[in-house]
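Below you'll find the structure, written out as structure tokens, and then a few comments.
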Amino acid sequence: MRKLSKAAAAAHVEACRLTDLARELSEAEKQFVLDNFHESTVLGHATGGVFFTPSALARAMTIHVVGTRIIDLGAGIGHLAFACRNMLDHRHNGEPVREFVCVEKNPELVRVGMKVVPEALWVCQDMFALAPRRFRFDTAIANPPYGRAPRSDTRPGYSGGRFEYHAIALAAQFARHGVFLIPQTSTPFCRSGHDHFVANTEDAEYSRFVAGTGIALMPSCGIDTSQYDRSWHHRPVRTEVALADFTDPTVLRAHRRSSPVLSFPHRTALGRARPHWRTR
């Protein structure tokens with residue numbers, strides 16, 4: 001991790017000042033916080049594989065987000081959820097306003113996130129402590145910690161060391177569809193940093209993940225994450241946008257053995273009241 005420059009440190013201080021205001025932030029102020037609040041100031045230089053998604057990359061990922069009920073796993077301060085809001089579509093096309101649940105275990109990140117995406121239900125909890133409910137959400141989004149980051153649980157079907165695979169397997173217990181930002185080495189394809197798609201099918205760990213969960217990761221519609229390398233707060237690993245269809249019969253068979261009920265609280269220690277989610 002590199003030390004913050006004087007300009008970056010000053011911008012971070014201003015972002016902190018904005019999050020301390022009692023009033024609701026303007027759209028421009030929310031974007032300023034997203035762009036300038038640095039994760040290393042909260043998590044330390046050893047961020048445990050946690051890196052905030054650049055805003056421009058988050059906006060590019062939204063092309064694959066479908067439906068109106070969205071869950072953001074490991075939400076940080078809300079970069080992905082903020083980008084996925086459909087405010088203009090609601091105003092001009094009459095589409096329903098999207099509903100968000102943002103799950104983040106760090107209370108300081110939740111505090112900041114509530115200023116950035118106040119319309120979301122923020123759940124300050126370890127994502128693996130959530131009781132799953134099949135298809136409660138239309139899309140799960142995540143830029144999870146990468147690699148052998150510490151985690152509290154193991155998902156059924158996968159017992160390996162890649163945190164991103166456990167996060168994706170968890171998402172399959174909530175949503176119909178998934179959009180994830182994960183290391184390129186964890187996908188069966190390479191697009192970012194290449195002129196064309198290249199198959200990456202010799203990864204034994206990915207093969208074990210697919211065999212155990214039934215989840216096959218698919219490429220995005222040509223998103224090249226290398227175009228956003230200069231926008232990360234810290235030096236990034238090469239990533240890919242990976243998609244998953246959790247309604248595929250292979251996935252359903254792999255998860256059929258259990259379907260406990262999801263129970264989000266009416267009010268979290270840091271969040272405000274929200275009605276229970278509708279079921280279909």
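Following the order of the structure tokens, first chain is A, next is B, and so on, with residues numbered from 1 inside each chain and ligands from 1 in the order they appear.
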May I have a table of the residues of segment 66-184 of chain A lying at most 10 Å from segment 29-45 of chain A, giving each one's closest pair of atoms and their distance in Å to one decimal, counting only C-alpha atoms, ordered by chain and ascending residue number, as CSV?
```
residue,atom,partner,partner_atom,distance
A:Gly76,CA,A:Glu39,CA,8.4
A:Ile77,CA,A:Leu34,CA,7.4
A:Gly78,CA,A:Leu34,CA,7.9
A:His79,CA,A:Leu34,CA,6.5
A:Phe82,CA,A:Gln31,CA,8.9
A:Ala83,CA,A:Gln31,CA,9.9
A:Asn106,CA,A:Leu43,CA,8.8
A:Glu108,CA,A:Val42,CA,7.3
A:Leu109,CA,A:Val42,CA,7.8
A:Val112,CA,A:Val33,CA,8.5
A:Gly113,CA,A:Leu34,CA,9.0
A:Lys115,CA,A:Lys30,CA,7.4
A:Val116,CA,A:Lys30,CA,5.1
A:Val117,CA,A:Lys30,CA,8.2
```
Step one, run DSSP on the backbone; step two, keep only residues of segment 44-233 of chain A assigned to strand (DSSP E or B); then write them as JSON, numbers by chain. {"A": [69, 70, 71, 72, 73, 99, 100, 101, 102, 103, 121, 122, 123, 137, 138, 139, 140, 141, 142, 175, 176, 177, 178, 179, 180, 181, 182, 183, 189, 190, 198, 199, 218, 219]}
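Minimum atom-to-atom distance to Met114 of chain A, evaluated using only C-alpha atoms, belongs to A:Cys102 out of A:Cys221, A:Leu243, A:Ala56, A:Cys102.
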Who sits within 10 Å of Ala169 of chain A, only C-alpha atoms, same chain under 3 positions skipped, as a list of chain:residue names: A:Thr154, A:Arg155, A:Pro156, A:Gly157, A:Tyr158, A:Phe163, A:Glu164, A:Tyr165, A:His166, A:Ala172, A:Gln173, A:Phe174, A:Phe209, A:Val210, A:Gly212, A:Thr213, A:Gly214, A:Ile215, A:Phe246, A:Val251, A:His255
Which residues are close to Gly147 of chain A, i.e. within 12 Å by only C-alpha atoms, leaving aside same-chain residues fewer than 3 positions away? Reply as a list in words.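 Once the nearby chain positions are removed, what remains is Gly48, Gly49, Val50, Pro144, Pro150, Arg151, Gly160, Gly161, Arg162, Phe163, Glu164, Tyr165, His166, Ala167, Ile182, Pro183, Gln184, Thr185, Ser186, Glu205 and Val237 of chain A.
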Which of these, A:Cys84, A:Ala10, A:Ala75, A:Ala211, has the shortest distance to Ile63 of chain A once you count only C-alpha atoms?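 Using only C-alpha atoms, the shortest distance to Ile63 of chain A belongs to A:Cys84.
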